[in-house]
Amino acid sequence: MDQSGGLYAKLEERILARDQIGASAVYYDLVRAERPRAEIVGETVRIHAPYTHVPYHQRIDDGFVRFVNNDHCLLSARTSLRLPKLLAPALEYLPLAQTIWYVPTGLDPWNQLLGKMPGHYGGRGQKRDPNKPIAPPERHWPDQPPFLLDGPFEERLNHWLTLVQRGDVLEAYRVFLGLFAERERQRELLAHLAFAGLIDVQDRMLYNRSYTTGHKAHRARATIEIGEAVGWEAAHDVLYAGALDMAVGPRWHAAYEMACQVSWMHLAEDDAKVKSSMEPSPKRLVEGRLLANTAPLTPAEAQRLQRAILDEPEPAYIHEITTLLLAGKDPRQILDAIQVAAARVVLSVGSPANFSMPHHGFEYTNTLKWFYDTFAHPHRLKLLYVAGSFINQAAHWTRNTPGNGEADTRPPASARALSPGALLERLDAAQVALKPDESVAWTRAYLDSGYDRAPLVSTLALCAVKEGNDPHNQEIGLGLVEDWASSTAHDRDTLLLACAHHTAGHQKFGDPLEAYRRFTEALS
């Protein structure tokens, strides 16, 4: 029963009509009706789930390969559940307002790229002509009933991942739903869902136009967090939106294969190391003992790892990670050091159009960090190498792409005389004005003054939420400030500088403040 008085039916109508203003107006009514955020998120996912899949994540048009995203509707919804804790109570519904504003532009990106309908991928946030007929979005993959298999759970879990690797989309989805019905093993299944996304990462960037950009891992995370928020008993539409995509091609596993070989050749104890290329894969976790490492990473060790990732070709970072693990260093602290390297790549971006690979690299480390903190998956150690590969590629891409390079972001001398509030006011103004160098300079001035970090974090979070028309604004901003809070890295403030740089510098579409203005005007 729809307890919203028919508002969700109206929301669905406006979203499928690709009407941003109309959908937002219905959302304001839902806020006034005091409907819970998780409920609104669940209904929004239900509406867009059939229309945000694609047949394949690549197209070859007139002989040229291009990437086909499957939108950020689900990813933005996840973000809207976590950002409110960083905002003032009056603005706690703003992140979801940005999601609702975006969703009508994110439907059916496959046909958007063919020019058959408007939207973010067909017009980059441009509004449609209300007098022109609009084609309905296409459902490329129909929903499915579960497929219940016999046999031990572990064998069926392996079978599901094999179906994913083969690209058998519908059978993989059906098998996943059958496994999901076994609620006592649900945690293992969800961990493997995230793992399936984390191992699917392209193994080159420079002069590529199509990538996974870590999106499958981020979609798996969104599926899990939204499912937990709405309750798994009511989360079938969430699974349809997120789990089905794991098998949609292309799939890149070369970086993870490298990690498997490194673990077998260098991390395994001598009696388990590979002796011949004809040997069968090891049955036991050859690097399992290293998961118990607890030795802290020293600043010098972290800096050496970051230099290998940022400045040296492969396999330098591989050797550094291996050396640290064999020396007993904590894998989670190694990940924190990799994440600072990812933030430094973001800071090196100069042109608004050049943020894509650097910020997706950070987003991958953000998802991997969440994976480490959420699941005790047996193969998580190998993913350090995949993260190192991702950020090493991003650094190489940035160095060899025109328009990049760190700017002079030293604070003005007058900053020393300013109060914390005055510094944050200047930061906010620079963020809204889309001035990345000034934004970093004012953030640096605040950090150098030693003031309480909490108001700075809140300011950066709000600035990220103000920007609309592309969910990357709040997704990346949230990840940077959340990971700063839990980082063990001695130079973790780099993440806050990267947040300021990204929010102001990342490419914007349309009027990025329109949704923010409409929300504040509608709800005072």
# chains A, B, ... in the order shown; residues from 1 in each chain; ligands from 1
>>> residues_around(residues="stretch 269-285 of chain A", least_positions_apart="2", cutoff="12 Å", atoms="only C-alpha atoms", output="number ranges by chain")
A: 257, 260-267, 287-291, 326, 377-382
>>> residues_around(residues="A:Gly361", least_positions_apart="5", cutoff="7 Å", atoms="only C-alpha atoms", output="list of chain:residue names")
A:Ala342, A:Phe390, A:Ile391, A:Ala394
>>> write_last_selection(atoms="N, CA, C and O atoms", output="PDB file, in the first residue's frame")
ATOM      1  N   ALA A 342      46.341   8.357  -4.316  1.00  0.00           N
ATOM      2  CA  ALA A 342      45.191   8.635  -5.184  1.00  0.00           C
ATOM      3  C   ALA A 342      44.745  10.084  -5.052  1.00  0.00           C
ATOM      4  O   ALA A 342      44.403  10.739  -6.051  1.00  0.00           O
ATOM      5  N   PHE A 390      45.695   0.570 -10.405  1.00  0.00           N
ATOM      6  CA  PHE A 390      44.741   1.614 -10.806  1.00  0.00           C
ATOM      7  C   PHE A 390      45.364   3.001 -10.632  1.00  0.00           C
ATOM      8  O   PHE A 390      45.351   3.829 -11.558  1.00  0.00           O
ATOM      9  N   ILE A 391      45.935   3.264  -9.475  1.00  0.00           N
ATOM     10  CA  ILE A 391      46.464   4.606  -9.202  1.00  0.00           C
ATOM     11  C   ILE A 391      47.753   4.849  -9.986  1.00  0.00           C
ATOM     12  O   ILE A 391      48.009   5.970 -10.442  1.00  0.00           O
ATOM     13  N   ALA A 394      46.548   5.853 -13.307  1.00  0.00           N
ATOM     14  CA  ALA A 394      45.974   7.202 -13.279  1.00  0.00           C
ATOM     15  C   ALA A 394      47.071   8.256 -13.235  1.00  0.00           C
ATOM     16  O   ALA A 394      46.969   9.310 -13.890  1.00  0.00           O
TER      17      ALA A 394
END
>>> residues_around(residues="stretch 131-136 of chain A", least_positions_apart="5", cutoff="9 Å", atoms="only C-alpha atoms", output="list in words")
Leu16, Ala17, Arg18, Lys116, Met117 and Pro118 of chain A
>>> write_last_selection(atoms="all heavy atoms", output="CSV table (one decimal), in the first residue's frame")
chain,number,residue,atom,x,y,z
A,16,LEU,N,9.9,9.2,-15.5
A,16,LEU,CA,9.9,8.5,-16.8
A,16,LEU,C,9.6,9.5,-18.0
A,16,LEU,O,9.9,9.3,-19.1
A,16,LEU,CB,8.8,7.4,-16.9
A,16,LEU,CG,9.1,6.2,-15.9
A,16,LEU,CD1,8.1,5.1,-16.1
A,16,LEU,CD2,10.5,5.7,-16.1
A,17,ALA,N,9.0,10.7,-17.6
A,17,ALA,CA,8.8,11.8,-18.6
A,17,ALA,C,10.1,12.6,-18.7
A,17,ALA,O,10.1,13.6,-19.5
A,17,ALA,CB,7.7,12.6,-18.1
A,18,ARG,N,11.2,12.2,-18.0
A,18,ARG,CA,12.4,13.0,-18.0
A,18,ARG,C,12.3,14.4,-17.6
A,18,ARG,O,12.9,15.3,-18.1
A,18,ARG,CB,13.1,12.9,-19.4
A,18,ARG,CG,14.1,11.9,-19.6
A,18,ARG,CD,13.8,10.5,-19.1
A,18,ARG,NE,12.7,9.8,-19.8
A,18,ARG,CZ,12.8,9.2,-21.0
A,18,ARG,NH1,14.0,9.1,-21.6
A,18,ARG,NH2,11.8,8.7,-21.6
A,116,LYS,N,18.6,9.0,-29.4
A,116,LYS,CA,17.2,8.7,-29.4
A,116,LYS,C,16.4,9.3,-28.3
A,116,LYS,O,15.1,9.3,-28.3
A,116,LYS,CB,16.9,7.2,-29.3
A,116,LYS,CG,17.4,6.4,-30.6
A,116,LYS,CD,17.1,4.9,-30.5
A,116,LYS,CE,17.5,4.2,-31.7
A,116,LYS,NZ,17.2,2.7,-31.6
A,117,MET,N,17.1,9.9,-27.3
A,117,MET,CA,16.4,10.5,-26.2
A,117,MET,C,17.4,11.4,-25.4
A,117,MET,O,18.6,11.3,-25.6
A,117,MET,CB,15.9,9.4,-25.2
A,117,MET,CG,16.9,8.5,-24.6
A,117,MET,SD,16.1,7.3,-23.5
A,117,MET,CE,15.1,6.5,-24.7
A,118,PRO,N,16.8,12.4,-24.7
A,118,PRO,CA,17.7,13.4,-24.0
A,118,PRO,C,18.2,12.8,-22.7
A,118,PRO,O,17.8,11.7,-22.3
A,118,PRO,CB,16.8,14.5,-23.7
A,118,PRO,CG,15.4,13.8,-23.5
A,118,PRO,CD,15.4,12.7,-24.5
>>> select_by_dssp(residues="stretch 89-283 of chain A", states="alpha helix (DSSP H)", output="compact mmCIF listing (two decimals) with N, CA, C and O atoms, in the first residue's frame")
# COMPACT_ATOMS: atom_id res chain seq x y z
N LEU A 94 18.87 17.47 1.35
CA LEU A 94 19.48 18.02 0.14
C LEU A 94 20.20 16.96 -0.71
O LEU A 94 20.05 16.97 -1.94
N PRO A 95 21.01 16.06 -0.13
CA PRO A 95 21.67 15.06 -0.99
C PRO A 95 20.69 14.24 -1.82
O PRO A 95 20.94 13.98 -3.00
N LEU A 96 19.56 13.85 -1.22
CA LEU A 96 18.57 13.09 -1.97
C LEU A 96 17.88 13.97 -3.02
O LEU A 96 17.48 13.49 -4.08
N ALA A 97 17.77 15.27 -2.74
CA ALA A 97 17.22 16.19 -3.74
C ALA A 97 18.12 16.21 -4.98
O ALA A 97 17.62 16.26 -6.12
N GLN A 98 19.43 16.14 -4.78
CA GLN A 98 20.34 16.10 -5.91
C GLN A 98 20.17 14.78 -6.69
O GLN A 98 20.26 14.76 -7.93
N THR A 99 19.93 13.68 -5.98
CA THR A 99 19.69 12.41 -6.66
C THR A 99 18.43 12.47 -7.51
O THR A 99 18.43 12.08 -8.68
N ILE A 100 17.34 12.97 -6.93
CA ILE A 100 16.08 13.07 -7.66
C ILE A 100 16.24 13.99 -8.86
O ILE A 100 15.67 13.73 -9.94
N TRP A 101 17.00 15.05 -8.72
CA TRP A 101 17.23 15.97 -9.83
C TRP A 101 17.95 15.27 -10.98
O TRP A 101 17.68 15.51 -12.14
N TYR A 102 18.85 14.36 -10.64
CA TYR A 102 19.66 13.69 -11.66
C TYR A 102 18.94 12.52 -12.32
O TYR A 102 19.10 12.30 -13.54
N PRO A 109 21.09 5.11 -20.86
CA PRO A 109 22.21 5.78 -21.52
C PRO A 109 22.58 5.16 -22.87
O PRO A 109 23.14 5.85 -23.72
N TRP A 110 22.25 3.88 -23.08
CA TRP A 110 22.54 3.25 -24.37
C TRP A 110 21.85 4.03 -25.50
O TRP A 110 22.48 4.40 -26.50
N ASN A 111 20.56 4.29 -25.34
CA ASN A 111 19.82 5.01 -26.38
C ASN A 111 20.09 6.51 -26.35
O ASN A 111 19.92 7.18 -27.37
N GLN A 112 20.52 7.02 -25.19
CA GLN A 112 20.95 8.42 -25.18
C GLN A 112 22.12 8.62 -26.14
O GLN A 112 22.17 9.59 -26.90
N LEU A 113 23.07 7.68 -26.12
CA LEU A 113 24.25 7.80 -26.98
C LEU A 113 23.90 7.63 -28.45
O LEU A 113 24.64 8.09 -29.33
N HIS A 120 21.68 12.95 -19.49
CA HIS A 120 23.04 13.31 -19.11
C HIS A 120 24.05 12.84 -20.15
O HIS A 120 25.04 13.51 -20.42
N TYR A 121 23.83 11.67 -20.74
CA TYR A 121 24.79 11.10 -21.68
C TYR A 121 24.49 11.50 -23.12
O TYR A 121 25.33 11.34 -23.99
N GLY A 122 23.28 12.00 -23.36
CA GLY A 122 22.92 12.45 -24.70
C GLY A 122 22.97 13.95 -24.84
O GLY A 122 22.96 14.48 -25.95
N GLY A 123 23.01 14.68 -23.73
CA GLY A 123 23.04 16.13 -23.80
C GLY A 123 23.72 16.76 -22.63
O GLY A 123 23.68 17.97 -22.46
N PHE A 153 27.27 -24.70 -0.75
CA PHE A 153 27.16 -23.26 -1.01
C PHE A 153 28.42 -22.73 -1.70
O PHE A 153 28.33 -21.93 -2.64
N GLU A 154 29.59 -23.16 -1.24
CA GLU A 154 30.84 -22.65 -1.81
C GLU A 154 30.95 -22.98 -3.31
O GLU A 154 31.42 -22.14 -4.09
N GLU A 155 30.50 -24.17 -3.71
CA GLU A 155 30.56 -24.55 -5.12
C GLU A 155 29.59 -23.69 -5.94
O GLU A 155 29.91 -23.27 -7.06
N ARG A 156 28.42 -23.43 -5.39
CA ARG A 156 27.45 -22.60 -6.10
C ARG A 156 27.91 -21.15 -6.19
O ARG A 156 27.66 -20.46 -7.17
N LEU A 157 28.61 -20.69 -5.15
CA LEU A 157 29.16 -19.34 -5.18
C LEU A 157 30.23 -19.22 -6.27
O LEU A 157 30.27 -18.23 -7.02
N ASN A 158 31.08 -20.23 -6.37
CA ASN A 158 32.08 -20.26 -7.44
C ASN A 158 31.41 -20.29 -8.81
O ASN A 158 31.87 -19.65 -9.76
N HIS A 159 30.33 -21.06 -8.92
CA HIS A 159 29.61 -21.16 -10.18
C HIS A 159 29.05 -19.79 -10.57
O HIS A 159 29.13 -19.40 -11.75
N TRP A 160 28.51 -19.07 -9.59
CA TRP A 160 27.99 -17.72 -9.90
C TRP A 160 29.09 -16.82 -10.44
O TRP A 160 28.89 -16.14 -11.46
N LEU A 161 30.26 -16.82 -9.81
CA LEU A 161 31.34 -15.95 -10.27
C LEU A 161 31.84 -16.38 -11.65
O LEU A 161 32.23 -15.53 -12.47
N THR A 162 31.80 -17.69 -11.94
CA THR A 162 32.17 -18.16 -13.27
C THR A 162 31.18 -17.66 -14.31
O THR A 162 31.57 -17.23 -15.41
N LEU A 163 29.90 -17.67 -13.98
CA LEU A 163 28.88 -17.13 -14.89
C LEU A 163 29.10 -15.64 -15.13
O LEU A 163 28.92 -15.14 -16.25
N VAL A 164 29.48 -14.93 -14.07
CA VAL A 164 29.78 -13.50 -14.22
C VAL A 164 30.96 -13.31 -15.17
O VAL A 164 30.92 -12.49 -16.10
N GLN A 165 32.02 -14.09 -14.96
CA GLN A 165 33.21 -13.96 -15.81
C GLN A 165 32.88 -14.29 -17.26
O GLN A 165 33.41 -13.65 -18.18
N ARG A 166 32.01 -15.25 -17.49
CA ARG A 166 31.62 -15.62 -18.85
C ARG A 166 30.67 -14.62 -19.49
O ARG A 166 30.43 -14.67 -20.69
N VAL A 169 24.65 -13.10 -18.41
CA VAL A 169 24.05 -12.09 -17.54
C VAL A 169 22.81 -12.61 -16.81
O VAL A 169 22.72 -12.53 -15.58
N LEU A 170 21.85 -13.11 -17.54
CA LEU A 170 20.57 -13.48 -16.90
C LEU A 170 20.71 -14.71 -16.01
O LEU A 170 20.13 -14.77 -14.93
N GLU A 171 21.48 -15.72 -16.47
CA GLU A 171 21.66 -16.90 -15.61
C GLU A 171 22.43 -16.55 -14.35
O GLU A 171 22.11 -17.02 -13.26
N ALA A 172 23.46 -15.69 -14.48
CA ALA A 172 24.20 -15.27 -13.29
C ALA A 172 23.29 -14.55 -12.32
O ALA A 172 23.35 -14.79 -11.10
N TYR A 173 22.43 -13.69 -12.83
CA TYR A 173 21.50 -12.95 -11.97
C TYR A 173 20.53 -13.91 -11.28
O TYR A 173 20.27 -13.79 -10.08
N ARG A 174 20.01 -14.89 -12.01
CA ARG A 174 19.07 -15.85 -11.42
C ARG A 174 19.75 -16.68 -10.34
O ARG A 174 19.17 -16.94 -9.28
N VAL A 175 20.99 -17.11 -10.61
CA VAL A 175 21.72 -17.89 -9.61
C VAL A 175 21.99 -17.04 -8.38
O VAL A 175 21.88 -17.53 -7.23
N PHE A 176 22.33 -15.78 -8.58
CA PHE A 176 22.54 -14.89 -7.44
C PHE A 176 21.28 -14.79 -6.59
O PHE A 176 21.34 -14.88 -5.35
N LEU A 177 20.12 -14.60 -7.22
CA LEU A 177 18.87 -14.51 -6.46
C LEU A 177 18.59 -15.81 -5.70
O LEU A 177 18.09 -15.76 -4.56
N GLY A 178 18.93 -16.95 -6.31
CA GLY A 178 18.74 -18.22 -5.61
C GLY A 178 19.65 -18.32 -4.40
O GLY A 178 19.22 -18.77 -3.32
N LEU A 179 20.89 -17.90 -4.53
CA LEU A 179 21.81 -17.89 -3.39
C LEU A 179 21.36 -16.91 -2.32
O LEU A 179 21.50 -17.17 -1.12
N PHE A 180 20.81 -15.79 -2.75
CA PHE A 180 20.38 -14.76 -1.81
C PHE A 180 19.24 -15.26 -0.92
O PHE A 180 19.06 -14.78 0.21
N GLN A 186 23.97 -15.09 3.66
CA GLN A 186 23.84 -13.83 2.92
C GLN A 186 25.10 -12.98 2.99
O GLN A 186 25.51 -12.37 2.00
N ARG A 187 25.72 -12.95 4.16
CA ARG A 187 26.90 -12.10 4.33
C ARG A 187 28.03 -12.52 3.39
O ARG A 187 28.70 -11.68 2.80
N GLU A 188 28.22 -13.84 3.26
CA GLU A 188 29.26 -14.33 2.35
C GLU A 188 28.94 -13.96 0.91
O GLU A 188 29.84 -13.59 0.13
N LEU A 189 27.68 -14.05 0.54
CA LEU A 189 27.26 -13.73 -0.82
C LEU A 189 27.49 -12.25 -1.12
O LEU A 189 28.01 -11.89 -2.19
N LEU A 190 27.12 -11.38 -0.19
CA LEU A 190 27.29 -9.95 -0.41
C LEU A 190 28.77 -9.59 -0.50
O LEU A 190 29.16 -8.73 -1.31
N ALA A 191 29.60 -10.24 0.31
CA ALA A 191 31.04 -10.01 0.22
C ALA A 191 31.55 -10.40 -1.16
O ALA A 191 32.38 -9.70 -1.77
N HIS A 192 31.06 -11.50 -1.68
CA HIS A 192 31.51 -11.97 -3.00
C HIS A 192 30.97 -11.08 -4.11
O HIS A 192 31.60 -10.94 -5.16
N LEU A 193 29.79 -10.49 -3.91
CA LEU A 193 29.26 -9.52 -4.87
C LEU A 193 30.21 -8.33 -4.98
O LEU A 193 30.57 -7.91 -6.09
N ALA A 194 30.63 -7.80 -3.84
CA ALA A 194 31.58 -6.68 -3.85
C ALA A 194 32.91 -7.11 -4.44
O ALA A 194 33.54 -6.37 -5.21
N PHE A 195 33.35 -8.30 -4.09
CA PHE A 195 34.62 -8.82 -4.62
C PHE A 195 34.57 -8.93 -6.14
O PHE A 195 35.53 -8.57 -6.83
N ALA A 196 33.45 -9.41 -6.68
CA ALA A 196 33.31 -9.53 -8.13
C ALA A 196 33.47 -8.18 -8.81
O ALA A 196 34.00 -8.09 -9.93
N GLY A 197 33.01 -7.12 -8.16
CA GLY A 197 33.20 -5.79 -8.71
C GLY A 197 34.63 -5.30 -8.56
O GLY A 197 35.19 -4.69 -9.49
N LEU A 198 35.25 -5.58 -7.44
CA LEU A 198 36.60 -5.08 -7.17
C LEU A 198 37.67 -5.72 -8.05
O LEU A 198 38.73 -5.12 -8.26
N HIS A 215 33.52 1.06 -11.47
CA HIS A 215 32.09 1.26 -11.23
C HIS A 215 31.38 0.01 -10.73
O HIS A 215 30.43 0.11 -9.96
N LYS A 216 31.80 -1.14 -11.19
CA LYS A 216 31.08 -2.34 -10.75
C LYS A 216 31.25 -2.56 -9.26
O LYS A 216 30.31 -2.96 -8.57
N ALA A 217 32.44 -2.26 -8.76
CA ALA A 217 32.64 -2.36 -7.31
C ALA A 217 31.78 -1.34 -6.58
O ALA A 217 31.16 -1.65 -5.55
N HIS A 218 31.72 -0.12 -7.11
CA HIS A 218 30.95 0.93 -6.44
C HIS A 218 29.46 0.63 -6.52
O HIS A 218 28.71 0.92 -5.58
N ARG A 219 29.01 0.02 -7.62
CA ARG A 219 27.60 -0.38 -7.72
C ARG A 219 27.28 -1.50 -6.74
O ARG A 219 26.19 -1.53 -6.15
N ALA A 220 28.22 -2.43 -6.57
CA ALA A 220 28.00 -3.50 -5.59
C ALA A 220 27.87 -2.91 -4.19
O ALA A 220 27.00 -3.31 -3.41
N ARG A 221 28.74 -1.94 -3.88
CA ARG A 221 28.65 -1.30 -2.57
C ARG A 221 27.31 -0.59 -2.41
O ARG A 221 26.66 -0.69 -1.36
N ALA A 222 26.89 0.12 -3.45
CA ALA A 222 25.60 0.83 -3.38
C ALA A 222 24.46 -0.16 -3.18
O ALA A 222 23.53 0.08 -2.39
N THR A 223 24.53 -1.29 -3.88
CA THR A 223 23.49 -2.32 -3.73
C THR A 223 23.42 -2.79 -2.29
O THR A 223 22.32 -2.92 -1.72
N ILE A 224 24.55 -3.04 -1.69
CA ILE A 224 24.59 -3.56 -0.32
C ILE A 224 24.11 -2.51 0.67
O ILE A 224 23.27 -2.80 1.55
N GLU A 225 24.59 -1.28 0.56
CA GLU A 225 24.23 -0.26 1.55
C GLU A 225 22.77 0.16 1.41
O GLU A 225 22.08 0.39 2.41
N ILE A 226 22.26 0.27 0.19
CA ILE A 226 20.85 0.63 0.02
C ILE A 226 19.97 -0.53 0.47
O ILE A 226 18.93 -0.32 1.12
N GLY A 227 20.38 -1.76 0.13
CA GLY A 227 19.60 -2.92 0.58
C GLY A 227 19.49 -2.98 2.09
O GLY A 227 18.42 -3.27 2.64
N GLU A 228 20.58 -2.69 2.78
CA GLU A 228 20.55 -2.68 4.24
C GLU A 228 19.66 -1.55 4.75
O GLU A 228 18.97 -1.70 5.77
N ALA A 229 19.64 -0.42 4.06
CA ALA A 229 18.86 0.73 4.51
C ALA A 229 17.35 0.49 4.36
O ALA A 229 16.57 0.84 5.25
N VAL A 230 16.96 -0.09 3.23
CA VAL A 230 15.53 -0.30 3.01
C VAL A 230 15.05 -1.60 3.62
O VAL A 230 13.83 -1.79 3.79
N HIS A 236 14.28 -6.26 -3.38
CA HIS A 236 14.47 -6.95 -4.66
C HIS A 236 14.83 -5.97 -5.78
O HIS A 236 15.70 -6.26 -6.62
N ASP A 237 14.17 -4.82 -5.81
CA ASP A 237 14.46 -3.84 -6.87
C ASP A 237 15.90 -3.34 -6.78
O ASP A 237 16.51 -3.00 -7.80
N VAL A 238 16.43 -3.30 -5.58
CA VAL A 238 17.82 -2.87 -5.39
C VAL A 238 18.76 -3.92 -5.99
O VAL A 238 19.74 -3.58 -6.67
N LEU A 239 18.46 -5.20 -5.76
CA LEU A 239 19.27 -6.26 -6.35
C LEU A 239 19.18 -6.22 -7.88
O LEU A 239 20.19 -6.42 -8.58
N TYR A 240 17.99 -5.99 -8.39
CA TYR A 240 17.80 -5.89 -9.83
C TYR A 240 18.64 -4.74 -10.40
O TYR A 240 19.26 -4.86 -11.47
N ALA A 241 18.69 -3.63 -9.69
CA ALA A 241 19.45 -2.47 -10.16
C ALA A 241 20.94 -2.70 -10.11
O ALA A 241 21.68 -2.20 -10.98
N GLY A 242 21.43 -3.46 -9.11
CA GLY A 242 22.87 -3.54 -8.89
C GLY A 242 23.54 -4.86 -9.17
O GLY A 242 24.64 -4.90 -9.71
N ALA A 254 42.61 -8.68 -15.80
CA ALA A 254 44.05 -8.85 -15.92
C ALA A 254 44.81 -8.32 -14.71
O ALA A 254 45.80 -8.92 -14.27
N ALA A 255 44.37 -7.19 -14.15
CA ALA A 255 45.06 -6.65 -12.97
C ALA A 255 44.93 -7.61 -11.79
O ALA A 255 45.88 -7.82 -11.03
N TYR A 256 43.74 -8.19 -11.63
CA TYR A 256 43.57 -9.14 -10.53
C TYR A 256 44.36 -10.42 -10.79
O TYR A 256 44.90 -11.02 -9.86
N GLU A 257 44.46 -10.84 -12.05
CA GLU A 257 45.29 -12.01 -12.37
C GLU A 257 46.74 -11.75 -11.97
O GLU A 257 47.42 -12.63 -11.43
N MET A 258 47.22 -10.53 -12.25
CA MET A 258 48.57 -10.16 -11.81
C MET A 258 48.69 -10.31 -10.30
O MET A 258 49.67 -10.88 -9.79
N ALA A 259 47.69 -9.83 -9.56
CA ALA A 259 47.74 -9.92 -8.10
C ALA A 259 47.77 -11.38 -7.64
O ALA A 259 48.47 -11.73 -6.68
N CYS A 260 47.01 -12.24 -8.33
CA CYS A 260 47.02 -13.66 -7.96
C CYS A 260 48.40 -14.27 -8.16
O CYS A 260 48.89 -15.04 -7.32
N GLN A 261 49.05 -13.93 -9.28
CA GLN A 261 50.36 -14.49 -9.56
C GLN A 261 51.42 -13.97 -8.57
O GLN A 261 52.30 -14.72 -8.13
N VAL A 262 51.33 -12.69 -8.23
CA VAL A 262 52.27 -12.14 -7.25
C VAL A 262 52.10 -12.85 -5.91
O VAL A 262 53.08 -13.19 -5.24
>>> closest_residue(among="A:Ala90, A:Ala353, A:Cys73, A:Ala247", to="A:Lys508", atoms="only C-alpha atoms")
A:Ala353
